[in-house]
file input_32.txt (compact mmCIF, C-alpha atoms and all ligand atoms)
# COMPACT_ATOMS: atom_id res chain seq x y z
CA MET A 878 0.75 8.68 -9.78
CA SER A 879 3.63 6.26 -9.59
CA ILE A 880 4.35 2.61 -10.05
CA LEU A 881 5.36 1.09 -6.72
CA LYS A 882 7.89 -1.60 -5.96
CA ILE A 883 6.30 -4.91 -4.95
CA ALA A 884 7.67 -6.62 -1.82
CA ARG A 885 8.59 -10.24 -2.35
CA LEU A 886 8.25 -13.28 -0.08
CA GLY A 887 10.81 -12.98 2.70
CA HIS A 888 10.38 -9.23 3.18
CA PRO A 889 9.15 -8.67 6.77
CA ILE A 890 6.51 -6.11 5.72
CA LEU A 891 4.52 -8.98 4.21
CA GLN A 892 4.24 -10.70 7.60
CA LYS A 893 3.16 -7.66 9.62
CA ILE A 894 -0.43 -7.12 10.71
CA ALA A 895 -1.47 -4.00 8.78
CA SER A 896 -3.05 -1.14 10.70
CA GLN A 897 -6.63 0.11 10.31
CA VAL A 898 -7.20 3.28 8.32
CA ASP A 899 -8.84 5.85 10.62
CA ASP A 900 -9.03 8.89 8.37
CA TYR A 901 -10.78 7.97 5.13
CA GLY A 902 -10.42 11.45 3.66
CA ASP A 903 -6.64 11.54 4.15
CA PRO A 904 -5.03 12.61 0.84
CA GLU A 905 -2.16 10.19 1.62
CA ILE A 906 -4.64 7.30 1.50
CA LYS A 907 -6.06 8.53 -1.83
CA LYS A 908 -2.53 8.73 -3.22
CA ILE A 909 -1.65 5.19 -2.06
CA ILE A 910 -4.83 3.90 -3.70
CA SER A 911 -4.14 5.56 -7.05
CA ASP A 912 -0.55 4.30 -7.00
CA MET A 913 -1.79 0.79 -6.18
CA ILE A 914 -4.18 0.90 -9.16
CA GLU A 915 -1.39 2.03 -11.46
CA THR A 916 0.95 -0.66 -10.08
CA LEU A 917 -1.66 -3.40 -10.51
CA GLU A 918 -2.28 -2.34 -14.11
CA ASP A 919 1.44 -2.24 -14.80
CA VAL A 920 2.06 -5.79 -13.57
CA GLY A 921 -1.18 -7.15 -15.04
CA GLY A 922 -2.43 -8.61 -11.76
CA ILE A 923 -5.88 -9.29 -10.35
CA GLY A 924 -5.45 -7.93 -6.86
CA LEU A 925 -3.03 -6.05 -4.66
CA ALA A 926 -2.88 -5.36 -0.93
CA ALA A 927 -1.11 -2.29 0.49
CA PRO A 928 1.54 -4.32 2.42
CA GLN A 929 2.68 -5.68 -0.95
CA VAL A 930 3.75 -2.14 -1.86
CA HIS A 931 5.41 -1.56 1.52
CA VAL A 932 2.44 0.25 3.08
CA SER A 933 1.25 -1.52 6.22
CA LYS A 934 -2.37 -0.35 6.06
CA ARG A 935 -5.63 -2.23 5.58
CA ILE A 936 -6.24 -1.40 1.92
CA VAL A 937 -6.91 -3.89 -0.87
CA ILE A 938 -7.80 -3.52 -4.53
CA PHE A 939 -8.99 -6.33 -6.80
CA PHE A 940 -11.26 -7.19 -9.68
CA VAL A 941 -12.60 -10.35 -11.29
CA PRO A 942 -12.18 -10.19 -15.07
CA GLU A 943 -14.30 -12.07 -17.57
CA SER A 944 -11.30 -14.18 -18.60
CA ARG A 945 -11.17 -15.81 -15.15
CA ILE A 946 -14.78 -16.88 -14.85
CA GLU A 947 -17.21 -19.03 -16.76
CA ASP A 948 -20.30 -16.90 -16.30
CA GLU A 949 -20.19 -13.23 -17.34
CA LYS A 950 -22.46 -12.24 -14.46
CA ASP A 951 -19.73 -13.21 -11.98
CA GLN A 952 -17.46 -10.44 -13.23
CA VAL A 953 -16.50 -7.89 -10.56
CA GLU A 954 -15.32 -4.38 -11.37
CA LEU A 955 -12.22 -2.93 -9.78
CA THR A 956 -13.08 -2.69 -6.09
CA ILE A 957 -11.16 -0.55 -3.64
CA MET A 958 -11.54 -1.72 -0.08
CA ILE A 959 -10.46 0.01 3.11
CA ASN A 960 -10.64 -1.92 6.40
CA PRO A 961 -12.26 -4.98 4.79
CA GLU A 962 -13.71 -7.81 6.88
CA ILE A 963 -14.66 -11.33 5.85
CA ARG A 964 -16.93 -13.91 7.34
CA PRO A 965 -17.58 -17.38 5.93
CA LEU A 966 -21.25 -18.11 5.20
CA ASN A 967 -20.83 -21.83 5.88
CA ASP A 968 -18.13 -24.45 6.44
CA LYS A 969 -17.77 -25.40 2.77
CA ILE A 970 -14.16 -25.33 1.62
CA ASN A 971 -12.58 -25.87 -1.79
CA ARG A 972 -9.03 -26.18 -2.94
CA ASP A 973 -7.70 -24.47 -6.05
CA TRP A 974 -4.59 -22.91 -7.48
CA GLU A 975 -3.28 -19.52 -6.45
CA ALA A 976 -0.38 -17.31 -7.35
CA CYS A 977 0.82 -14.04 -5.87
CA LEU A 978 2.61 -10.96 -7.20
CA SER A 979 4.91 -11.18 -4.17
CA ILE A 980 5.91 -14.75 -5.09
CA PRO A 981 6.74 -14.58 -8.81
CA ASN A 982 6.59 -17.67 -11.02
CA LEU A 983 5.23 -19.99 -8.33
CA MET A 984 1.77 -21.38 -7.65
CA GLY A 985 0.12 -23.66 -5.13
CA ALA A 986 -3.23 -25.25 -4.32
CA VAL A 987 -4.84 -23.62 -1.30
CA GLU A 988 -7.98 -24.35 0.71
CA ARG A 989 -10.42 -21.46 1.06
CA TYR A 990 -14.00 -20.93 2.12
CA SER A 991 -16.34 -21.39 -0.83
CA HIS A 992 -18.95 -18.83 0.28
CA ILE A 993 -18.24 -15.63 2.15
CA LYS A 994 -19.77 -12.31 3.05
CA TYR A 995 -17.38 -9.40 3.10
CA SER A 996 -17.59 -5.73 3.92
CA TRP A 997 -15.41 -2.66 3.46
CA PHE A 998 -15.33 1.13 3.37
CA ASP A 999 -14.52 3.17 0.30
CA ALA A 1000 -12.25 6.23 0.17
CA ASN A 1001 -15.19 8.42 1.26
CA GLY A 1002 -15.88 6.29 4.32
CA LYS A 1003 -19.01 4.72 2.82
CA TYR A 1004 -19.81 1.17 3.98
CA PHE A 1005 -20.41 -1.69 1.51
CA GLU A 1006 -20.99 -5.42 1.70
CA ARG A 1007 -21.20 -8.28 -0.76
CA GLU A 1008 -21.53 -12.02 -0.89
CA ALA A 1009 -19.09 -14.02 -2.95
CA SER A 1010 -18.39 -17.58 -3.95
CA GLY A 1011 -15.87 -19.49 -6.07
CA TYR A 1012 -13.04 -17.52 -7.61
CA HIS A 1013 -14.39 -14.17 -6.39
CA ALA A 1014 -14.39 -15.44 -2.78
CA ARG A 1015 -10.89 -16.86 -3.24
CA VAL A 1016 -9.41 -13.58 -4.48
CA VAL A 1017 -10.94 -11.62 -1.59
CA GLN A 1018 -9.62 -14.14 0.97
CA HIS A 1019 -6.15 -14.14 -0.62
CA GLU A 1020 -5.95 -10.33 -0.60
CA CYS A 1021 -7.30 -9.86 2.91
CA ASP A 1022 -4.83 -12.48 4.18
CA HIS A 1023 -2.08 -10.05 3.14
CA LEU A 1024 -3.45 -7.59 5.72
CA ASP A 1025 -2.88 -10.17 8.44
CA GLY A 1026 0.64 -11.01 7.33
CA LYS A 1027 -0.33 -14.29 5.67
CA LEU A 1028 0.82 -15.45 2.26
CA TYR A 1029 -0.81 -18.32 0.39
CA PRO A 1030 2.08 -20.81 0.89
CA PHE A 1031 1.43 -20.57 4.67
CA ARG A 1032 -1.95 -22.19 3.98
CA ILE A 1033 -0.82 -25.00 1.70
CA THR A 1034 -1.57 -28.32 3.38
CA ASP A 1035 -0.19 -30.54 0.61
CA LEU A 1036 3.20 -29.22 -0.48
CA SER A 1037 3.27 -31.62 -3.42
CA MET A 1038 0.90 -29.09 -4.98
CA PHE A 1039 3.30 -26.17 -4.84
CA GLY A 1040 5.89 -25.26 -7.44
CA PHE A 1041 6.81 -23.29 -10.52
CA GLN A 1042 3.87 -22.20 -12.69
CA GLU A 1043 5.64 -23.38 -15.81
CA GLU A 1044 6.10 -26.92 -14.47
CA ILE A 1045 2.67 -27.19 -12.88
CA ASN A 1046 0.81 -25.87 -15.91
CA SER A 1047 2.54 -28.46 -18.11
CA ASN A 1048 1.65 -31.30 -15.74
CA ILE A 1049 -1.61 -30.11 -14.28
CA GLU A 1050 -3.68 -33.22 -14.97
CA LEU A 1051 -1.09 -35.51 -13.46
CA LEU A 1052 -0.85 -33.32 -10.37
CA GLU A 1053 -4.58 -33.01 -9.87
CA ARG A 1054 -5.25 -36.73 -10.38
CA GLY A 1055 -6.59 -38.28 -7.21
CA ARG A 1056 -6.53 -34.99 -5.36
CA ILE A 1057 -9.44 -32.80 -4.47
CA VAL A 1058 -9.31 -29.62 -6.46
CA SER A 1059 -12.41 -27.56 -7.12
CA SER A 1060 -13.92 -28.25 -10.48
CA ASP A 1061 -15.57 -24.81 -10.66
CA ASN A 1062 -12.37 -22.99 -11.40
CA LYS A 1063 -10.69 -25.05 -14.07
CA MET A 1064 -9.73 -22.03 -16.16
CA LEU A 1065 -7.93 -20.26 -13.38
CA ARG A 1066 -4.41 -21.45 -13.30
CA THR A 1067 -2.48 -18.39 -12.23
CA PRO A 1068 -4.60 -15.81 -10.47
CA ASN A 1069 -1.84 -13.32 -9.65
CA ALA A 1070 -3.01 -11.51 -6.60
NI NI B 1101 -0.89 -12.10 -3.04
call {"tool": "encode", "arguments": {"input": "input_32.txt", "output": "structure tokens", "more": "lines below"}}
Ligand code: NI
result
Amino acid sequence: MSILKIARLGHPILQKIASQVDDYGDPEIKKIISDMIETLEDVGGIGLAAPQVHVSKRIVIFFVPESRIEDEKDQVELTIMINPEIRPLNDKINRDWEACLSIPNLMGAVERYSHIKYSWFDANGKYFEREASGYHARVVQHECDHLDGKLYPFRITDLSMFGFQEEINSNIELLERGRIVSSDNKMLRTPNA
């Protein structure tokens, strides 16, 4: 296993559409996944998409730790997704803060679907699906966006809610005043994904 270098905003690999994985049993794919897990642990992040480690393939890993949610039952174990797909369950949208391992020290408020259904294949080619809402749904949408070459700042509609984590976290109430930010996710200031 090895710790991989994370591509940062501006690197073209982050804007490429990643290719589908055709051979689930490929040892190369298994190696990428174990390196991604080690890299995510090393940086202390929540989620990582393969393009962020310079591999333009549709692979994402993420988890939802207890520290990021209010209800223990919403915890999600480390999930390894190959060829994931997302569909919104309704039109409901919420706006909340996001950060990204490819954009160190910054954060911004981004609109995402509140309720989604998503599916994926594991490393053995087995199909899974889940429903998600709130923070869980946000992380999945953020990570899968990486597979389509999209980074969260591309989705920010109000750039006055984008800046350095240090500044925003010290002025969060002032910034959120009069603006619509989801109240479900108040604890989640810097979900590095
Ligand atoms: Ni990210």
call {"tool": "atom_distance", "arguments": {"input": "input_32.txt", "atom1": "CA of Asn971 in chain A", "atom2": "CA of Arg989 in chain A"}}
result
5.7 Å
call {"tool": "closest_atom_pairs", "arguments": {"input": "input_32.txt", "of": "chain A", "to": "ligand NI 1101 (chain B)", "cutoff": "7 Å", "atoms": "all atoms listed in the file", "output": "Markdown table"}}
result
| residue | atom | partner | partner_atom | distance |
| --- | --- | --- | --- | --- |
| A:Leu925 | CA | B:NI1101 | NI | 6.6 |
| A:Ala976 | CA | B:NI1101 | NI | 6.8 |
| A:Cys977 | CA | B:NI1101 | NI | 3.8 |
| A:Leu978 | CA | B:NI1101 | NI | 5.6 |
| A:Ser979 | CA | B:NI1101 | NI | 6.0 |
| A:His1019 | CA | B:NI1101 | NI | 6.1 |
| A:Glu1020 | CA | B:NI1101 | NI | 5.9 |
| A:His1023 | CA | B:NI1101 | NI | 6.6 |
| A:Leu1028 | CA | B:NI1101 | NI | 6.5 |
| A:Asn1069 | CA | B:NI1101 | NI | 6.8 |
| A:Ala1070 | CA | B:NI1101 | NI | 4.2 |
call {"tool": "closest_residue", "arguments": {"input": "input_32.txt", "among": "A:Arg972, A:Arg935, A:His888, A:Lys1003", "to": "Gly902 in chain A", "atoms": "only C-alpha atoms"}}
result
A:Lys1003
call {"tool": "atom_distance", "arguments": {"input": "input_32.txt", "atom1": "CA of Trp974 in chain A", "atom2": "CA of Ile993 in chain A"}}
result
18.2 Å
call {"tool": "atom_distance", "arguments": {"input": "input_32.txt", "atom1": "CA of Tyr1012 in chain A", "atom2": "CA of Lys950 in chain A"}}
result
12.8 Å
call {"tool": "closest_residue", "arguments": {"input": "input_32.txt", "among": "A:Pro1030, A:Gly985, A:Gly924, A:Gly1002", "to": "Gly887 in chain A", "atoms": "all atoms listed in the file"}}
result
A:Pro1030
call {"tool": "closest_residue", "arguments": {"input": "input_32.txt", "among": "A:Leu1052, A:Ile906, A:Val898, A:Val941", "to": "Pro961 in chain A", "atoms": "all atoms listed in the file"}}
result
A:Val898
call {"tool": "residues_around", "arguments": {"input": "input_32.txt", "residues": "range 966-968 of chain A", "least_positions_apart": "3", "cutoff": "8 Å", "atoms": "all atoms listed in the file", "output": "ChimeraX atom specification"}}
result
/A:990,992-994
call {"tool": "closest_residue", "arguments": {"input": "input_32.txt", "among": "A:Trp997, A:Tyr901, A:Tyr1004, A:Phe939", "to": "Asn960 in chain A", "atoms": "only C-alpha atoms"}}
result
A:Trp997
call {"tool": "residues_around", "arguments": {"input": "input_32.txt", "residues": "Ser879 in chain A", "least_positions_apart": "2", "cutoff": "7 Å", "atoms": "only C-alpha atoms", "output": "compact mmCIF listing (two decimals) with C-alpha atoms, keeping the file's coordinate frame"}}
result
# COMPACT_ATOMS: atom_id res chain seq x y z
CA LEU A 881 5.36 1.09 -6.72
CA ASP A 912 -0.55 4.30 -7.00
CA GLU A 915 -1.39 2.03 -11.46
call {"tool": "closest_residue", "arguments": {"input": "input_32.txt", "among": "A:Ala1000, A:Ile923, A:Leu1051, A:Ile914", "to": "Glu943 in chain A", "atoms": "all atoms listed in the file"}}
result
A:Ile923
call {"tool": "residues_around", "arguments": {"input": "input_32.txt", "residues": "Ile910 in chain A", "least_positions_apart": "5", "cutoff": "12 Å", "atoms": "only C-alpha atoms", "output": "PyMOL selection string"}}
result
chain A and resi 878-881+901-905+915-917+925-927+930+932+934-939+955-959+999-1000
call {"tool": "residues_near_point", "arguments": {"input": "input_32.txt", "point": "(3.2, -21.7, -16.6)", "cutoff": "10 Å", "atoms": "all atoms listed in the file", "output": "number ranges by chain"}}
result
A: 982-984, 1041-1049, 1066-1067
call {"tool": "residues_around", "arguments": {"input": "input_32.txt", "residues": "Ser1010 in chain A", "least_positions_apart": "2", "cutoff": "6 Å", "atoms": "only C-alpha atoms", "output": "compact mmCIF listing (two decimals) with C-alpha atoms, in the coordinates of the input"}}
result
# COMPACT_ATOMS: atom_id res chain seq x y z
CA SER A 991 -16.34 -21.39 -0.83
CA HIS A 992 -18.95 -18.83 0.28
CA HIS A 1013 -14.39 -14.17 -6.39
CA ALA A 1014 -14.39 -15.44 -2.78
call {"tool": "closest_residue", "arguments": {"input": "input_32.txt", "among": "A:Lys908, A:Asp899, A:Gln929, A:Ile883", "to": "Asp1025 in chain A", "atoms": "only C-alpha atoms"}}
result
A:Gln929
call {"tool": "build_atoms", "arguments": {"input": "input_32.txt", "residues": "range 889-900 of chain A", "atoms": "all heavy atoms", "output": "mmCIF file, keeping the file's coordinate frame"}}
result
data_model
loop_
_atom_site.group_PDB
_atom_site.id
_atom_site.type_symbol
_atom_site.label_atom_id
_atom_site.label_comp_id
_atom_site.auth_asym_id
_atom_site.auth_seq_id
_atom_site.Cartn_x
_atom_site.Cartn_y
_atom_site.Cartn_z
ATOM 1 N N PRO A 889 9.963 -8.659 5.539
ATOM 2 C CA PRO A 889 9.150 -8.670 6.770
ATOM 3 C C PRO A 889 7.841 -7.883 6.685
ATOM 4 O O PRO A 889 6.885 -8.219 7.395
ATOM 5 C CB PRO A 889 10.068 -8.040 7.826
ATOM 6 C CG PRO A 889 11.418 -7.907 7.209
ATOM 7 C CD PRO A 889 11.327 -8.160 5.739
ATOM 8 N N ILE A 890 7.756 -6.885 5.799
ATOM 9 C CA ILE A 890 6.510 -6.110 5.720
ATOM 10 C C ILE A 890 5.316 -7.005 5.363
ATOM 11 O O ILE A 890 4.191 -6.757 5.776
ATOM 12 C CB ILE A 890 6.607 -4.921 4.734
ATOM 13 C CG1 ILE A 890 5.405 -3.976 4.866
ATOM 14 C CG2 ILE A 890 6.713 -5.379 3.283
ATOM 15 C CD1 ILE A 890 5.709 -2.600 5.253
ATOM 16 N N LEU A 891 5.590 -8.084 4.652
ATOM 17 C CA LEU A 891 4.520 -8.980 4.210
ATOM 18 C C LEU A 891 3.958 -9.820 5.364
ATOM 19 O O LEU A 891 2.897 -10.422 5.232
ATOM 20 C CB LEU A 891 5.016 -9.911 3.103
ATOM 21 C CG LEU A 891 5.345 -9.228 1.775
ATOM 22 C CD1 LEU A 891 6.007 -10.208 0.823
ATOM 23 C CD2 LEU A 891 4.088 -8.645 1.129
ATOM 24 N N GLN A 892 4.703 -9.877 6.479
ATOM 25 C CA GLN A 892 4.240 -10.700 7.600
ATOM 26 C C GLN A 892 3.715 -9.870 8.765
ATOM 27 O O GLN A 892 3.374 -10.396 9.817
ATOM 28 C CB GLN A 892 5.382 -11.607 8.074
ATOM 29 C CG GLN A 892 5.697 -12.672 7.035
ATOM 30 C CD GLN A 892 6.631 -13.740 7.557
ATOM 31 O OE1 GLN A 892 6.552 -14.133 8.703
ATOM 32 N NE2 GLN A 892 7.538 -14.196 6.710
ATOM 33 N N LYS A 893 3.664 -8.545 8.568
ATOM 34 C CA LYS A 893 3.160 -7.660 9.620
ATOM 35 C C LYS A 893 1.646 -7.564 9.551
ATOM 36 O O LYS A 893 1.067 -7.613 8.464
ATOM 37 C CB LYS A 893 3.721 -6.251 9.347
ATOM 38 C CG LYS A 893 4.673 -5.742 10.402
ATOM 39 C CD LYS A 893 5.192 -4.376 10.009
ATOM 40 C CE LYS A 893 4.491 -3.299 10.793
ATOM 41 N NZ LYS A 893 5.088 -1.970 10.576
ATOM 42 N N ILE A 894 1.010 -7.400 10.705
ATOM 43 C CA ILE A 894 -0.430 -7.120 10.710
ATOM 44 C C ILE A 894 -0.583 -5.643 10.323
ATOM 45 O O ILE A 894 -0.023 -4.769 10.982
ATOM 46 C CB ILE A 894 -1.049 -7.330 12.113
ATOM 47 C CG1 ILE A 894 -0.658 -8.701 12.684
ATOM 48 C CG2 ILE A 894 -2.553 -7.066 12.092
ATOM 49 C CD1 ILE A 894 -1.619 -9.813 12.490
ATOM 50 N N ALA A 895 -1.311 -5.382 9.258
ATOM 51 C CA ALA A 895 -1.470 -4.000 8.780
ATOM 52 C C ALA A 895 -2.421 -3.229 9.689
ATOM 53 O O ALA A 895 -3.344 -3.811 10.269
ATOM 54 C CB ALA A 895 -1.983 -4.015 7.352
ATOM 55 N N SER A 896 -2.212 -1.916 9.788
ATOM 56 C CA SER A 896 -3.050 -1.140 10.700
ATOM 57 C C SER A 896 -4.306 -0.609 10.000
ATOM 58 O O SER A 896 -4.318 -0.372 8.785
ATOM 59 C CB SER A 896 -2.252 -0.009 11.340
ATOM 60 O OG SER A 896 -1.600 0.727 10.353
ATOM 61 N N GLN A 897 -5.353 -0.430 10.801
ATOM 62 C CA GLN A 897 -6.630 0.110 10.310
ATOM 63 C C GLN A 897 -6.418 1.528 9.787
ATOM 64 O O GLN A 897 -5.580 2.261 10.303
ATOM 65 C CB GLN A 897 -7.617 0.221 11.493
ATOM 66 C CG GLN A 897 -8.092 -1.082 12.070
ATOM 67 C CD GLN A 897 -9.333 -1.636 11.376
ATOM 68 O OE1 GLN A 897 -10.129 -0.884 10.816
ATOM 69 N NE2 GLN A 897 -9.488 -2.935 11.405
ATOM 70 N N VAL A 898 -7.203 1.895 8.801
ATOM 71 C CA VAL A 898 -7.200 3.280 8.320
ATOM 72 C C VAL A 898 -8.269 4.027 9.124
ATOM 73 O O VAL A 898 -9.423 3.598 9.166
ATOM 74 C CB VAL A 898 -7.527 3.338 6.812
ATOM 75 C CG1 VAL A 898 -7.694 4.770 6.341
ATOM 76 C CG2 VAL A 898 -6.444 2.619 6.017
ATOM 77 N N ASP A 899 -7.873 5.112 9.790
ATOM 78 C CA ASP A 899 -8.840 5.850 10.620
ATOM 79 C C ASP A 899 -9.423 7.049 9.877
ATOM 80 O O ASP A 899 -10.573 7.394 10.044
ATOM 81 C CB ASP A 899 -8.169 6.346 11.910
ATOM 82 C CG ASP A 899 -7.674 5.186 12.753
ATOM 83 O OD1 ASP A 899 -8.404 4.168 12.823
ATOM 84 O OD2 ASP A 899 -6.554 5.275 13.305
ATOM 85 N N ASP A 900 -8.598 7.671 9.042
ATOM 86 C CA ASP A 900 -9.030 8.890 8.370
ATOM 87 C C ASP A 900 -9.233 8.608 6.882
ATOM 88 O O ASP A 900 -8.290 8.599 6.097
ATOM 89 C CB ASP A 900 -7.963 9.981 8.594
ATOM 90 C CG ASP A 900 -8.344 11.299 7.942
ATOM 91 O OD1 ASP A 900 -9.456 11.372 7.359
ATOM 92 O OD2 ASP A 900 -7.536 12.241 8.004
#
